[in-house]
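The structure appears right after this line, and notes come after that.
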Amino acid sequence: MTIASMQGVVKRYGSDVVLDYIDLDIYEGEIIGLLGPNGAGKTTLIQTLTGMTPFERGKVALFGQLKNPFSNQNKEKIGLVTQEITVFEELTAKENLQFFAGVYGLKGNERKKRIEETLEFVGLGDKGDKVPTKFSGGMKRRLNIACALTHQPKFLIMDEPTVGIDPQSRNYILEAVKRLRENGTTILYTTHYMEEVQAIASRVVIMDQGQIIKEGTVDELIETVQHEEKIKIDVTEPDRVPINNLKNVAGVQKVIVSGSQITIISTFGSGNLDRIISLVKEHAGVLGIHADKPNLEDVFLTLTGKQLRDKGEE
């Protein structure tokens, strides 16, 4: 069953095209990992898919309904975890869930049961009477997720739910996402952490400049760069390295500078490593050289020419 579908969707802000003829189908039981650099259009796609933002052209269908996809009946089947923490700081964890459960029409014993179950599910079962001001960043993130789960949505959208939290909380959230899928929830998950997508996604969608430029399973996407070689060179003075000269070395396809590291992608078997190292050493000190097997980050670099997140970003 198709849970959500976008066909030729276009969204503009003034003269800027933010979504450029988006075609996307999300099927029941999937975890879709949505990747893209900042400004790629991921958040606008989510807002358009949920009816929060109107669009100029194309079609959106939810739960098989094209005529009136954003009906209240359909919205009640969707849970949205926003990137910003949207809990009420002055209310206890339990009171926060009572509010959101009430928004979705849960009452009486059913609401009480769902609140208890949801707090347990996100690991806050013993924190129901505490206010979020007493919580760590990871606990607040988990409460934020709980607020979107009280009504047991069939389709859960998670917009960077692990930003700025500790590894333990991140792992807890990822395991919870897997359990949700096992229980039948379909999930659209955006993140700046490539390892999260590799751990949980059944399919990956990569966006750049308002377009979907590639999609497939992790293995399928990695297969597309098996014909390439990638080396990373850590240098002392990256500004002195003539990037255009590196790009002109035989076999080099792309050169990406991120901080003090230069990433060079070449055609497989180019045999150009000695020339590249020699050229770099003429202008800067070499601190280290790394050559790795292709992974999902290599796919992203090849397609967008950008890192998914900046070096040093938490």
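Going through the structure tokens in order, the chains are called A, B, and so on, while each chain numbers its residues from 1 and the ligands are numbered from 1 in the order shown.
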- Task: as a ChimeraX atom specification, please: all residues of region 6-168 of chain A that backbone DSSP puts in strand (DSSP E or B).
- Result: /A:6-13,16-27,31-35,57-62,65,78-81,155-159
- Query: Which neighbours of Leu106 (chain A) fall inside 12 Å, counting only C-alpha atoms, when residues of the same chain fewer than 3 positions from it are skipped, and could you give them as number ranges by chain?
  - Reply: A: 76, 97-103, 109-115, 150-152
- Message: Could you list, as number ranges by chain, every residue within 10 Å of region 189-203 of chain A, counting only C-alpha atoms and ignoring same-chain residues fewer than 4 positions away?
- Response: A: 26, 29-38, 42-43, 46, 81, 83, 156-163, 170-171, 174-175, 177-178, 181, 215-221, 295-297, 300, 307-310, 313-314
- Task: Would you list the contacts of region 244-249 of chain A as a PyMOL selection string, taking every protein, DNA or RNA residue within 12 Å and counting only C-alpha atoms, but skipping same-chain residues closer than 4 positions in sequence?
- Result: chain A and resi 240+253-257+262-267+270-283
How close does region 57-121 of chain A get to region 135-148 of chain A? List, as JSON lines, each residue of region 57-121 of chain A within 8 Å, its nearest atom pair and the distance in Å to one decimal, counting only C-alpha atoms.
{"residue": "A:Gly79", "atom": "CA", "partner": "A:Ala148", "partner_atom": "CA", "distance": 4.8}
{"residue": "A:Leu80", "atom": "CA", "partner": "A:Ala148", "partner_atom": "CA", "distance": 5.7}
{"residue": "A:Val81", "atom": "CA", "partner": "A:Ile145", "partner_atom": "CA", "distance": 5.7}
{"residue": "A:Thr82", "atom": "CA", "partner": "A:Asn144", "partner_atom": "CA", "distance": 8.0}
{"residue": "A:Ile85", "atom": "CA", "partner": "A:Asn144", "partner_atom": "CA", "distance": 6.0}
{"residue": "A:Thr86", "atom": "CA", "partner": "A:Asn144", "partner_atom": "CA", "distance": 6.5}
{"residue": "A:Val87", "atom": "CA", "partner": "A:Asn144", "partner_atom": "CA", "distance": 6.1}
{"residue": "A:Ala93", "atom": "CA", "partner": "A:Leu143", "partner_atom": "CA", "distance": 6.9}
{"residue": "A:Asn96", "atom": "CA", "partner": "A:Cys147", "partner_atom": "CA", "distance": 7.1}
{"residue": "A:Leu97", "atom": "CA", "partner": "A:Cys147", "partner_atom": "CA", "distance": 5.5}
{"residue": "A:Phe100", "atom": "CA", "partner": "A:Cys147", "partner_atom": "CA", "distance": 6.0}
{"residue": "A:Ala101", "atom": "CA", "partner": "A:Cys147", "partner_atom": "CA", "distance": 7.7}
{"residue": "A:Thr118", "atom": "CA", "partner": "A:Ala146", "partner_atom": "CA", "distance": 6.0}
{"residue": "A:Leu119", "atom": "CA", "partner": "A:Ala146", "partner_atom": "CA", "distance": 6.6}
- Enumerate as a PyMOL selection string all residues of region 229-314 of chain A assigned to helix (DSSP H, G or I) by DSSP on the backbone, naming them with the chain letters and numbers the document uses. chain A and resi 238-240+243-247+273-281+296-304
- Message: Using only C-alpha atoms, can you tell me which of A:Ile243, A:Ile206, A:Met1, A:Ala40 comes closest to Val17 (chain A)?
- Response: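 Using only C-alpha atoms, Val17 (chain A) sits closest to A:Ala40.
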- Message: So that I can see what lies close to Pro294 (chain A), please list as a VMD selection string the residues with an atom at most 9 Å from it, counting only C-alpha atoms and leaving out residues fewer than 2 positions away in the same chain.
- Response: chain A and resid 222 to 223 225 to 226 228 to 230 292 296 to 299
Write the residues of the preceding selection, restricted to C-alpha atoms, as a PDB file, in the first residue's frame.
ATOM      1  CA  ILE A 222      26.877   2.304  -2.790  1.00  0.00           C
ATOM      2  CA  GLU A 223      27.008   0.096  -5.892  1.00  0.00           C
ATOM      3  CA  VAL A 225      30.143   4.483  -6.807  1.00  0.00           C
ATOM      4  CA  GLN A 226      32.017   1.180  -6.869  1.00  0.00           C
ATOM      5  CA  GLU A 228      35.307   5.254  -8.168  1.00  0.00           C
ATOM      6  CA  GLU A 229      38.244   5.703  -5.805  1.00  0.00           C
ATOM      7  CA  LYS A 230      38.295   8.222  -2.968  1.00  0.00           C
ATOM      8  CA  ASP A 292      38.384   3.863   2.353  1.00  0.00           C
ATOM      9  CA  LEU A 296      26.888   6.090   1.737  1.00  0.00           C
ATOM     10  CA  GLU A 297      28.858   9.269   2.433  1.00  0.00           C
ATOM     11  CA  ASP A 298      30.800   8.692  -0.799  1.00  0.00           C
ATOM     12  CA  VAL A 299      27.515   8.490  -2.696  1.00  0.00           C
TER      13      VAL A 299
END
- Near Lys11 (chain A), within 6 Å and counting only C-alpha atoms, which residues show up once chain neighbours fewer than 2 positions away are dropped, as number ranges by chain? A: 18-19, 55-56
